[in-house]
$ cat target.cif   # mmCIF, C-alpha atoms
data_coords
#
loop_
_atom_site.label_atom_id
_atom_site.label_comp_id
_atom_site.auth_asym_id
_atom_site.auth_seq_id
_atom_site.Cartn_x
_atom_site.Cartn_y
_atom_site.Cartn_z
CA GLY A 1 77.85 84.01 88.00
CA GLY A 2 80.08 83.13 85.10
CA GLU A 3 81.83 84.60 82.09
CA LEU A 4 83.06 83.40 78.70
CA ARG A 5 85.36 85.68 76.76
CA LYS A 6 87.66 85.59 73.75
CA GLU A 7 90.51 88.09 73.47
CA THR A 8 92.30 88.89 70.21
CA TYR A 9 95.54 90.81 69.73
CA ASN A 10 96.74 92.11 66.37
CA PHE A 11 99.67 94.45 65.83
CA ALA A 12 99.77 95.57 62.17
CA PRO A 13 102.58 98.01 61.32
CA SER A 14 102.18 100.63 58.61
CA ASP A 15 103.83 100.11 55.24
CA ALA A 16 106.60 102.56 56.15
CA SER A 17 107.31 100.72 59.40
CA ALA A 18 107.03 97.31 57.73
CA ASN A 19 109.78 98.34 55.33
CA PHE A 20 111.88 99.71 58.23
CA LEU A 21 111.78 103.26 56.85
CA VAL A 22 111.11 104.83 60.27
CA ALA A 23 114.23 105.33 62.37
CA GLY A 24 114.30 104.57 66.07
CA PHE A 25 111.84 101.64 66.24
CA GLY A 26 113.67 98.36 66.58
CA ALA A 27 110.68 96.10 65.87
CA ALA A 28 108.05 98.41 64.42
CA GLY A 29 108.18 96.56 61.13
CA VAL A 30 107.35 93.17 62.65
CA GLY A 31 103.68 92.27 62.91
CA ALA A 32 102.34 90.13 65.74
CA SER A 33 99.03 88.51 66.65
CA GLY A 34 97.52 86.16 69.19
CA SER A 35 94.26 85.15 70.85
CA ARG A 36 92.95 83.22 73.82
CA LYS A 37 89.75 82.07 75.48
CA VAL A 38 88.93 82.94 79.09
CA GLN A 39 86.42 81.09 81.27
CA SER A 40 85.41 82.29 84.72
CA ALA A 41 82.97 81.31 87.46
CA TYR A 42 82.35 82.95 90.82
CA ALA A 43 80.08 82.74 93.86
CA GLU A 44 79.49 84.86 96.94
CA THR A 45 77.39 84.51 100.06
CA ALA A 46 76.62 86.74 103.03
CA VAL A 47 75.76 84.92 106.26
CA PRO A 48 74.25 86.74 109.28
CA LEU A 49 75.70 84.86 112.25
CA LEU A 50 74.34 86.74 115.29
CA LYS A 51 71.99 89.64 115.90
CA ASN A 52 71.34 91.47 119.18
CA VAL A 53 73.09 88.80 121.27
CA LEU A 54 75.29 89.99 124.16
CA ALA A 55 77.90 92.35 122.63
CA PHE A 56 76.86 91.46 119.09
CA LYS A 57 74.41 93.98 117.71
CA SER A 58 75.13 92.23 114.45
CA LEU A 59 77.83 89.84 113.20
CA GLU A 60 78.00 89.00 109.51
CA LEU A 61 80.35 86.81 107.49
CA ASP A 62 80.90 87.22 103.75
CA ALA A 63 82.66 84.55 101.68
CA ALA A 64 83.46 84.50 97.97
CA VAL A 65 85.45 82.40 95.52
CA ARG A 66 86.38 82.87 91.86
CA PHE A 67 87.77 80.41 89.30
CA ASP A 68 89.51 81.59 86.12
CA SER A 69 90.89 79.59 83.23
CA TYR A 70 93.15 81.42 80.76
CA GLN A 71 94.07 79.54 77.61
CA HIS A 72 97.86 79.09 77.28
CA VAL A 73 98.35 80.52 80.81
CA GLY A 74 96.57 78.19 83.24
CA ASN A 75 93.87 77.99 85.90
CA THR A 76 93.53 79.73 89.23
CA THR A 77 91.11 79.71 92.17
CA ASN A 78 91.00 82.70 94.50
CA PRO A 79 88.94 82.85 97.71
CA LYS A 80 88.04 85.84 99.87
CA ALA A 81 86.46 86.10 103.32
CA SER A 82 85.40 89.11 105.34
CA ILE A 83 83.71 89.72 108.68
CA ARG A 84 81.63 92.67 109.88
CA TRP A 85 80.95 93.12 113.60
CA GLU A 86 78.75 95.95 114.84
CA LEU A 87 79.17 96.10 118.61
CA PHE A 88 76.58 98.83 119.16
CA ASN A 89 75.22 101.87 117.38
CA GLY A 90 78.21 103.91 116.29
CA LEU A 91 81.01 101.31 116.44
CA LEU A 92 81.83 98.86 113.65
CA LEU A 93 84.78 96.47 113.29
CA ARG A 94 85.64 94.81 109.99
CA ALA A 95 88.35 92.62 108.46
CA SER A 96 89.02 90.69 105.27
CA ALA A 97 91.55 88.39 103.65
CA GLY A 98 91.85 87.07 100.13
CA SER A 99 94.06 86.18 97.19
CA GLY A 100 94.33 87.76 93.76
CA PHE A 101 95.47 86.90 90.26
CA ARG A 102 96.48 88.84 87.15
CA ALA A 103 97.14 87.01 83.92
CA PRO A 104 99.73 88.40 81.51
CA THR A 105 98.10 90.49 78.80
CA LEU A 106 98.19 89.44 75.16
CA ASN A 107 100.65 92.26 74.58
CA ASN A 108 102.88 90.81 77.34
CA LEU A 109 102.75 87.43 75.61
CA TYR A 110 102.87 88.28 71.90
CA SER A 111 104.45 91.72 71.46
CA PRO A 112 107.08 91.53 68.68
CA GLN A 113 110.75 91.05 69.31
CA THR A 114 112.84 94.21 69.58
CA HIS A 115 116.58 94.68 69.23
CA GLY A 116 119.02 97.18 70.64
CA ILE A 117 122.65 97.46 71.68
CA THR A 118 124.47 97.80 74.97
CA THR A 119 126.51 100.85 75.86
CA ASN A 120 129.82 101.32 74.10
CA GLY A 121 132.76 99.66 75.83
CA SER A 122 130.81 96.64 77.17
CA ARG A 123 132.93 93.66 78.26
CA ASP A 124 132.39 89.88 78.30
CA LEU A 125 134.04 88.95 81.62
CA ILE A 126 134.32 85.28 80.63
CA ARG A 127 136.10 85.70 77.29
CA CYS A 128 137.82 88.91 78.35
CA PRO A 129 138.66 88.91 82.08
CA VAL A 130 139.42 92.21 83.78
CA GLY A 131 143.00 93.23 83.05
CA THR A 132 143.04 92.06 79.44
CA SER A 133 142.41 94.32 76.47
CA GLY A 134 141.19 94.15 72.92
CA ILE A 135 138.23 95.28 70.84
CA GLN A 136 136.31 92.04 70.44
CA ASP A 137 134.82 90.86 73.76
CA CYS A 138 136.66 93.53 75.79
CA SER A 139 135.34 96.89 74.56
CA THR A 140 132.39 96.55 72.23
CA GLN A 141 128.60 96.66 71.98
CA PHE A 142 126.40 93.57 72.20
CA VAL A 143 122.96 93.05 70.65
CA THR A 144 120.02 93.02 73.09
CA ASN A 145 116.71 91.21 72.49
CA GLY A 146 113.42 92.33 74.03
CA GLY A 147 109.67 91.94 73.65
CA GLY A 148 106.92 89.66 74.92
CA SER A 149 107.31 86.12 76.22
CA ARG A 150 104.92 83.16 76.03
CA ASN A 151 106.55 81.67 79.12
CA LEU A 152 105.11 84.28 81.50
CA LYS A 153 103.23 83.15 84.59
CA PRO A 154 100.39 85.10 86.22
CA GLU A 155 101.04 87.61 88.98
CA LYS A 156 99.63 86.48 92.33
CA SER A 157 98.70 88.44 95.43
CA LEU A 158 97.59 88.06 99.03
CA SER A 159 95.78 90.89 100.82
CA GLU A 160 94.58 91.51 104.36
CA THR A 161 92.61 94.40 105.82
CA ALA A 162 91.34 95.31 109.28
CA GLY A 163 89.54 98.46 110.31
CA VAL A 164 87.14 100.34 112.54
CA VAL A 165 84.38 102.87 111.89
CA TRP A 166 83.33 105.09 114.79
CA GLU A 167 80.31 107.41 114.78
CA PRO A 168 80.20 109.22 118.13
CA THR A 169 77.19 111.22 116.90
CA LYS A 170 75.02 111.14 113.80
CA ASN A 171 76.96 114.12 112.41
CA TYR A 172 80.50 112.75 112.74
CA SER A 173 82.24 109.56 111.65
CA LEU A 174 85.84 108.33 111.57
CA GLY A 175 87.10 105.29 109.70
CA VAL A 176 90.59 103.80 109.87
CA ASP A 177 91.57 100.71 107.85
CA PHE A 178 94.92 98.90 107.82
CA PHE A 179 95.91 97.05 104.64
CA ARG A 180 98.69 94.65 103.78
CA ILE A 181 99.30 93.49 100.22
CA SER A 182 101.93 91.08 98.89
CA VAL A 183 102.38 90.57 95.13
CA SER A 184 104.64 87.84 93.70
CA ASP A 185 105.81 86.84 90.21
CA LEU A 186 105.67 90.45 89.04
CA ILE A 187 105.76 90.81 85.27
CA ALA A 188 108.68 93.07 84.39
CA THR A 189 111.49 93.56 81.91
CA ALA A 190 114.39 91.21 82.55
CA PHE A 191 117.60 92.41 84.17
CA GLY A 192 119.44 95.28 82.53
CA SER A 193 122.33 94.43 80.24
CA ALA A 194 124.81 95.95 82.71
CA THR A 195 123.56 93.62 85.46
CA ILE A 196 123.74 90.56 83.21
CA LEU A 197 127.26 91.38 81.98
CA SER A 198 128.47 92.07 85.54
CA ASP A 199 127.99 88.36 86.41
CA PRO A 200 127.84 86.28 83.19
CA VAL A 201 127.97 83.03 85.19
CA ARG A 202 124.95 83.79 87.38
CA TYR A 203 122.97 85.21 84.46
CA ALA A 204 124.19 82.74 81.83
CA SER A 205 120.59 81.83 80.89
CA PHE A 206 120.10 85.39 79.60
CA ILE A 207 123.18 85.31 77.36
CA GLN A 208 123.20 83.77 73.85
CA ARG A 209 126.59 82.59 72.64
CA GLY A 210 127.92 81.43 69.32
CA PRO A 211 130.09 78.30 68.73
CA ALA A 212 133.25 78.03 70.80
CA ASP A 213 136.40 79.19 69.07
CA SER A 214 140.07 79.58 70.03
CA ASN A 215 139.30 81.69 73.12
CA PRO A 216 140.88 80.03 76.21
CA SER A 217 137.58 80.20 78.13
CA GLY A 218 136.04 77.54 75.91
CA LYS A 219 132.95 79.73 75.49
CA GLY A 220 131.72 81.19 72.24
CA PRO A 221 131.27 84.95 71.67
CA ILE A 222 128.13 86.73 72.87
CA ILE A 223 125.63 87.06 70.01
CA GLY A 224 122.69 88.34 72.05
CA ILE A 225 121.52 89.37 75.52
CA ASP A 226 117.90 88.46 76.31
CA GLN A 227 115.78 91.10 78.03
CA TYR A 228 112.33 89.70 77.39
CA LEU A 229 109.52 90.09 79.91
CA ILE A 230 109.86 87.70 82.85
CA ASN A 231 108.31 87.05 86.26
CA LEU A 232 110.62 88.82 88.67
CA GLY A 233 110.48 89.26 92.43
CA LYS A 234 107.90 90.44 94.95
CA THR A 235 106.44 93.65 96.32
CA ASN A 236 105.14 94.11 99.89
CA VAL A 237 102.93 97.06 100.84
CA ASP A 238 101.53 98.10 104.26
CA GLY A 239 99.51 101.19 105.05
CA PHE A 240 96.43 102.90 106.44
CA ASP A 241 93.39 104.48 104.85
CA VAL A 242 91.69 107.22 106.88
CA ASP A 243 88.24 108.67 106.25
CA LEU A 244 86.63 111.51 108.24
CA THR A 245 83.23 113.13 107.80
CA GLY A 246 81.66 115.88 109.91
CA ARG A 247 78.56 118.01 109.51
CA VAL A 248 79.75 121.09 111.35
CA PHE A 249 76.74 123.32 110.71
CA SER A 250 73.13 122.50 109.90
CA THR A 251 69.87 124.48 109.73
CA ASP A 252 66.69 124.13 107.71
CA THR A 253 68.27 125.99 104.78
CA ASP A 254 72.05 125.62 105.21
CA LYS A 255 74.38 122.68 105.74
CA VAL A 256 78.18 122.77 105.94
CA THR A 257 80.01 119.45 105.75
CA LEU A 258 83.71 118.62 106.02
CA ARG A 259 85.15 115.46 104.50
CA GLY A 260 88.66 114.12 104.33
CA ASN A 261 90.30 110.90 103.22
CA GLY A 262 93.96 110.00 103.00
CA THR A 263 96.42 107.15 102.66
CA TYR A 264 99.60 106.63 104.70
CA ILE A 265 102.11 104.13 103.26
CA MET A 266 104.14 102.45 106.01
CA ARG A 267 106.06 100.07 103.75
CA TYR A 268 106.54 99.69 100.01
CA ASP A 269 109.37 97.19 99.57
CA GLN A 270 110.50 95.79 96.23
CA GLN A 271 112.68 92.73 95.85
CA GLN A 272 115.92 93.37 93.99
CA THR A 273 117.86 90.94 91.81
CA SER A 274 119.98 90.02 94.83
CA GLY A 275 116.84 88.92 96.71
CA VAL A 276 117.10 91.84 99.16
CA PHE A 277 114.05 94.09 99.62
CA THR A 278 114.55 97.85 99.33
CA ASN A 279 112.26 100.69 100.34
CA SER A 280 110.54 102.51 97.46
CA ILE A 281 108.77 105.26 99.42
CA ASN A 282 109.77 108.76 98.26
CA ASN A 283 112.36 107.14 96.00
CA PRO A 284 111.93 108.12 92.32
CA ALA A 285 114.53 105.56 91.17
CA SER A 286 112.74 102.51 92.59
CA GLY A 287 112.28 100.21 89.63
CA GLY A 288 110.10 102.23 87.28
CA ILE A 289 106.93 102.03 89.40
CA GLY A 290 106.65 105.79 89.74
CA LEU A 291 106.93 107.86 92.86
CA VAL A 292 105.39 106.25 95.98
CA ILE A 293 104.20 109.04 98.29
CA ARG A 294 104.28 108.44 102.05
CA TRP A 295 101.11 110.47 102.72
CA ARG A 296 98.47 112.04 100.49
CA HIS A 297 94.96 113.24 101.22
CA THR A 298 91.91 114.98 99.81
CA ALA A 299 90.02 117.44 102.04
CA ASN A 300 86.67 118.88 101.03
CA VAL A 301 84.20 121.42 102.41
CA THR A 302 80.67 121.74 100.98
CA TRP A 303 78.02 124.35 101.69
CA LYS A 304 74.44 123.60 100.72
CA HIS A 305 72.02 126.55 100.67
CA GLY A 306 68.63 125.62 99.28
CA ALA A 307 69.11 124.59 95.66
CA TRP A 308 72.72 125.84 95.63
CA LEU A 309 75.71 123.66 96.47
CA GLY A 310 79.28 124.88 96.55
CA SER A 311 82.45 122.95 97.34
CA LEU A 312 86.18 123.52 97.70
CA THR A 313 88.63 120.58 97.60
CA GLN A 314 92.29 120.42 98.59
CA ASN A 315 94.56 117.74 97.05
CA PHE A 316 97.75 117.33 99.08
CA GLN A 317 100.86 115.16 99.15
CA VAL A 318 103.93 115.41 101.37
CA GLY A 319 107.35 116.48 100.17
CA THR A 320 109.85 114.01 98.77
CA HIS A 321 113.57 113.62 98.06
CA ASP A 322 114.79 113.87 94.48
CA THR A 323 117.38 111.51 92.98
CA ARG A 324 119.40 114.48 91.77
CA THR A 325 121.54 116.61 94.07
CA SER A 326 121.92 120.34 94.11
CA LEU A 327 125.10 122.12 93.11
CA GLN A 328 125.56 123.30 96.68
CA THR A 329 127.83 121.20 98.86
CA VAL A 330 128.89 120.96 102.47
CA ALA A 331 132.48 119.76 102.93
CA ASN A 332 132.44 118.77 99.22
CA THR A 333 129.40 116.54 99.84
CA PRO A 334 126.38 117.33 97.59
CA ILE A 335 123.23 118.35 99.46
CA PRO A 336 120.21 116.17 98.54
CA ARG A 337 117.55 118.10 96.67
CA ASN A 338 114.16 118.14 98.41
CA VAL A 339 110.80 118.51 96.68
CA ALA A 340 108.33 120.64 98.64
CA PRO A 341 104.84 119.39 99.56
CA TYR A 342 102.42 119.66 96.64
CA GLU A 343 98.84 120.87 96.85
CA THR A 344 96.11 122.01 94.48
CA TYR A 345 92.56 123.30 95.01
CA ASP A 346 89.42 122.53 93.01
CA GLY A 347 86.15 124.47 93.17
CA GLN A 348 82.63 123.57 92.08
CA LEU A 349 79.19 125.23 92.14
CA SER A 350 75.88 123.60 91.23
CA TYR A 351 72.21 124.62 91.07
CA SER A 352 69.30 122.16 91.17
CA GLY A 353 66.36 124.58 91.31
CA PHE A 354 65.03 123.52 87.90
CA LYS A 355 62.76 120.51 87.52
CA LYS A 356 64.77 117.43 86.47
CA VAL A 357 67.79 119.60 85.63
CA LYS A 358 70.99 120.23 87.58
CA LEU A 359 73.58 122.73 86.40
CA THR A 360 77.21 122.39 87.51
CA VAL A 361 80.34 124.43 86.81
CA GLY A 362 83.77 123.71 88.23
CA VAL A 363 87.45 124.54 87.97
CA LYS A 364 90.31 122.14 88.64
CA ASN A 365 93.49 123.63 90.12
CA LEU A 366 92.24 127.07 91.06
CA GLY A 367 95.77 128.12 92.02
CA THR A 368 97.09 127.66 88.49
CA VAL A 369 94.18 129.63 87.03
CA ALA A 370 94.77 132.50 89.46
CA ALA A 371 98.50 132.53 88.78
CA ALA A 372 97.91 132.57 85.03
CA GLY A 373 95.60 135.53 85.46
CA VAL A 374 98.32 137.44 87.33
CA VAL A 375 100.90 136.72 84.64
CA VAL A 376 98.57 137.89 81.88
#
$ encode --input "target.cif" --output "structure tokens"
Amino acid sequence: GGELRKETYNFAPSDASANFLVAGFGAAGVGASGSRKVQSAYAETAVPLLKNVLAFKSLELDAAVRFDSYQHVGNTTNPKASIRWELFNGLLLRASAGSGFRAPTLNNLYSPQTHGITTNGSRDLIRCPVGTSGIQDCSTQFVTNGGGSRNLKPEKSLSETAGVVWEPTKNYSLGVDFFRISVSDLIATAFGSATILSDPVRYASFIQRGPADSNPSGKGPIIGIDQYLINLGKTNVDGFDVDLTGRVFSTDTDKVTLRGNGTYIMRYDQQQTSGVFTNSINNPASGGIGLVIRWRHTANVTWKHGAWLGSLTQNFQVGTHDTRTSLQTVANTPIPRNVAPYETYDGQLSYSGFKKVKLTVGVKNLGTVAAAGVVV
């Protein structure tokens, strides 16, 4: 297959924003636009290698490749291969490996420049070394520059999976799959102004300076700190997906089925500016990616009786640690604040006794509805 696509981006501020009459939007009055052409081609093949030979009830190989060309960004070719081995009825092994690619969006590339300021009391450690004083360079606020960047590279990934599906009987099945994902050149906002100012030599490329003056350092004053989008660091993720299905009761008129699927994250490491990887699991302050939960699952029970079908679903995630600490202390040490496990329940009922018509009614988060009823 193939694909040809043209993408267009146009940010048109309102008249009020264009005249900078709306407070709090550093670049709302600046319009921006851009476009690009995208060309893609892909192919996939499934090859049966063996069937009913020795321990191979069936052995199948799947291979795929995709080529993408993004105007102003570049070209990429990403292959994928997977294997499926059914040893006998009820036992299946499978594995896959492949690479991925995500081009920067037009908003990443062309979003208008924004401006802000650093916190009050910021210091230029080159023109104002620690121990000296003064307003200019030593205790002031510097202008920051943000927005999109046309120098962004695509994000790239490598992924591997391996798993097993076991069906001891026709009514029960268990699937467990291991996954490993590595993403590099992540598109993110550049280092914070505090990080840049803490080491102005290392991060000199992010600091704009004016002409040199009488300052003994020989460097000009800071006129801007760049915080545009850049490609920054890597993320490594390991974990397991688990899927369980069981038909626990079955007659001519009634069937009760249990289903459950969950994900366990073993590792979610993000690379910091120092190059060191830190764990992001259950850590709300882990780089703005949101809270990474160690374990979460969905469990469901359904009861089918003739044309009626009812179901109850539990959504669950384990407890976490908050970044804040409670006011209680032990030996003047704050006690970390824990967040309890979180769960909700959804219910649904459907009727399919009419010809070509199925009626369904459901409620999400039954607990909240019940609690609201009590309060009222």
$ resolve_selection --input "target.cif" --expression "the PyMOL selection byres ((chain A and resi 196-205) around 12)" --output "PyMOL selection string"
chain A and resi 118-119+121-130+137-138+141-142+144+190-195+206-209+219+222+224-228+273-274
$ write_last_selection --input "target.cif" --atoms "C-alpha atoms" --output "mmCIF file, in the frame of the given file"
data_model
loop_
_atom_site.group_PDB
_atom_site.id
_atom_site.type_symbol
_atom_site.label_atom_id
_atom_site.label_comp_id
_atom_site.auth_asym_id
_atom_site.auth_seq_id
_atom_site.Cartn_x
_atom_site.Cartn_y
_atom_site.Cartn_z
ATOM 1 C CA THR A 118 124.470 97.800 74.970
ATOM 2 C CA THR A 119 126.510 100.850 75.860
ATOM 3 C CA GLY A 121 132.760 99.660 75.830
ATOM 4 C CA SER A 122 130.810 96.640 77.170
ATOM 5 C CA ARG A 123 132.930 93.660 78.260
ATOM 6 C CA ASP A 124 132.390 89.880 78.300
ATOM 7 C CA LEU A 125 134.040 88.950 81.620
ATOM 8 C CA ILE A 126 134.320 85.280 80.630
ATOM 9 C CA ARG A 127 136.100 85.700 77.290
ATOM 10 C CA CYS A 128 137.820 88.910 78.350
ATOM 11 C CA PRO A 129 138.660 88.910 82.080
ATOM 12 C CA VAL A 130 139.420 92.210 83.780
ATOM 13 C CA ASP A 137 134.820 90.860 73.760
ATOM 14 C CA CYS A 138 136.660 93.530 75.790
ATOM 15 C CA GLN A 141 128.600 96.660 71.980
ATOM 16 C CA PHE A 142 126.400 93.570 72.200
ATOM 17 C CA THR A 144 120.020 93.020 73.090
ATOM 18 C CA ALA A 190 114.390 91.210 82.550
ATOM 19 C CA PHE A 191 117.600 92.410 84.170
ATOM 20 C CA GLY A 192 119.440 95.280 82.530
ATOM 21 C CA SER A 193 122.330 94.430 80.240
ATOM 22 C CA ALA A 194 124.810 95.950 82.710
ATOM 23 C CA THR A 195 123.560 93.620 85.460
ATOM 24 C CA PHE A 206 120.100 85.390 79.600
ATOM 25 C CA ILE A 207 123.180 85.310 77.360
ATOM 26 C CA GLN A 208 123.200 83.770 73.850
ATOM 27 C CA ARG A 209 126.590 82.590 72.640
ATOM 28 C CA LYS A 219 132.950 79.730 75.490
ATOM 29 C CA ILE A 222 128.130 86.730 72.870
ATOM 30 C CA GLY A 224 122.690 88.340 72.050
ATOM 31 C CA ILE A 225 121.520 89.370 75.520
ATOM 32 C CA ASP A 226 117.900 88.460 76.310
ATOM 33 C CA GLN A 227 115.780 91.100 78.030
ATOM 34 C CA TYR A 228 112.330 89.700 77.390
ATOM 35 C CA THR A 273 117.860 90.940 91.810
ATOM 36 C CA SER A 274 119.980 90.020 94.830
#
$ resolve_selection --input "target.cif" --expression "the PyMOL selection byres ((chain A and resi 305-310) around 6)" --output "PDB file with C-alpha atoms, keeping the file's coordinate frame"
ATOM      1  CA  THR A 253      68.270 125.990 104.780  1.00  0.00           C
ATOM      2  CA  ASP A 254      72.050 125.620 105.210  1.00  0.00           C
ATOM      3  CA  THR A 302      80.670 121.740 100.980  1.00  0.00           C
ATOM      4  CA  TRP A 303      78.020 124.350 101.690  1.00  0.00           C
ATOM      5  CA  LYS A 304      74.440 123.600 100.720  1.00  0.00           C
ATOM      6  CA  SER A 311      82.450 122.950  97.340  1.00  0.00           C
ATOM      7  CA  GLN A 348      82.630 123.570  92.080  1.00  0.00           C
ATOM      8  CA  LEU A 349      79.190 125.230  92.140  1.00  0.00           C
ATOM      9  CA  SER A 350      75.880 123.600  91.230  1.00  0.00           C
ATOM     10  CA  TYR A 351      72.210 124.620  91.070  1.00  0.00           C
ATOM     11  CA  SER A 352      69.300 122.160  91.170  1.00  0.00           C
ATOM     12  CA  GLY A 353      66.360 124.580  91.310  1.00  0.00           C
TER      13      GLY A 353
END
$ resolve_selection --input "target.cif" --expression "the PyMOL selection byres ((chain A and resi 243) around 6)" --output "JSON list (two decimals) with C-alpha atoms, in the frame of the given file"
[["chain", "number", "residue", "atom", "x", "y", "z"],
["A", 174, "LEU", "CA", 85.84, 108.33, 111.57],
["A", 175, "GLY", "CA", 87.10, 105.29, 109.70],
["A", 242, "VAL", "CA", 91.69, 107.22, 106.88],
["A", 244, "LEU", "CA", 86.63, 111.51, 108.24],
["A", 260, "GLY", "CA", 88.66, 114.12, 104.33],
["A", 261, "ASN", "CA", 90.30, 110.90, 103.22]]
$ closest_residue --input "target.cif" --among "A:Lys80, A:Arg267, A:Arg259, A:Lys153" --to "A:Phe67" --atoms "all atoms listed in the file"
A:Lys80
$ axis_aligned_box --input "target.cif" --around "stretch 339-351 of chain A" --padding-each-side "4 Å" --output "AutoDock Vina command-line options"
--center_x 91.5 --center_y 121.9 --center_z 95.3 --size_x 46.6 --size_y 14.7 --size_z 16.5
$ residues_near_point --input "target.cif" --point "(92.6, 99.9, 108.2)" --cutoff "9 Å" --atoms "all atoms listed in the file" --output "PDB file with C-alpha atoms, keeping the file's coordinate frame"
ATOM      1  CA  ARG A  94      85.640  94.810 109.990  1.00  0.00           C
ATOM      2  CA  ALA A  95      88.350  92.620 108.460  1.00  0.00           C
ATOM      3  CA  THR A 161      92.610  94.400 105.820  1.00  0.00           C
ATOM      4  CA  ALA A 162      91.340  95.310 109.280  1.00  0.00           C
ATOM      5  CA  GLY A 163      89.540  98.460 110.310  1.00  0.00           C
ATOM      6  CA  VAL A 164      87.140 100.340 112.540  1.00  0.00           C
ATOM      7  CA  GLY A 175      87.100 105.290 109.700  1.00  0.00           C
ATOM      8  CA  VAL A 176      90.590 103.800 109.870  1.00  0.00           C
ATOM      9  CA  ASP A 177      91.570 100.710 107.850  1.00  0.00           C
ATOM     10  CA  PHE A 178      94.920  98.900 107.820  1.00  0.00           C
ATOM     11  CA  PHE A 179      95.910  97.050 104.640  1.00  0.00           C
ATOM     12  CA  GLY A 239      99.510 101.190 105.050  1.00  0.00           C
ATOM     13  CA  PHE A 240      96.430 102.900 106.440  1.00  0.00           C
ATOM     14  CA  ASP A 241      93.390 104.480 104.850  1.00  0.00           C
ATOM     15  CA  VAL A 242      91.690 107.220 106.880  1.00  0.00           C
TER      16      VAL A 242
END
$ atom_distance --input "target.cif" --atom1 "atom CA of A:Gln271" --atom2 "atom CA of A:Ser182"
11.3 Å
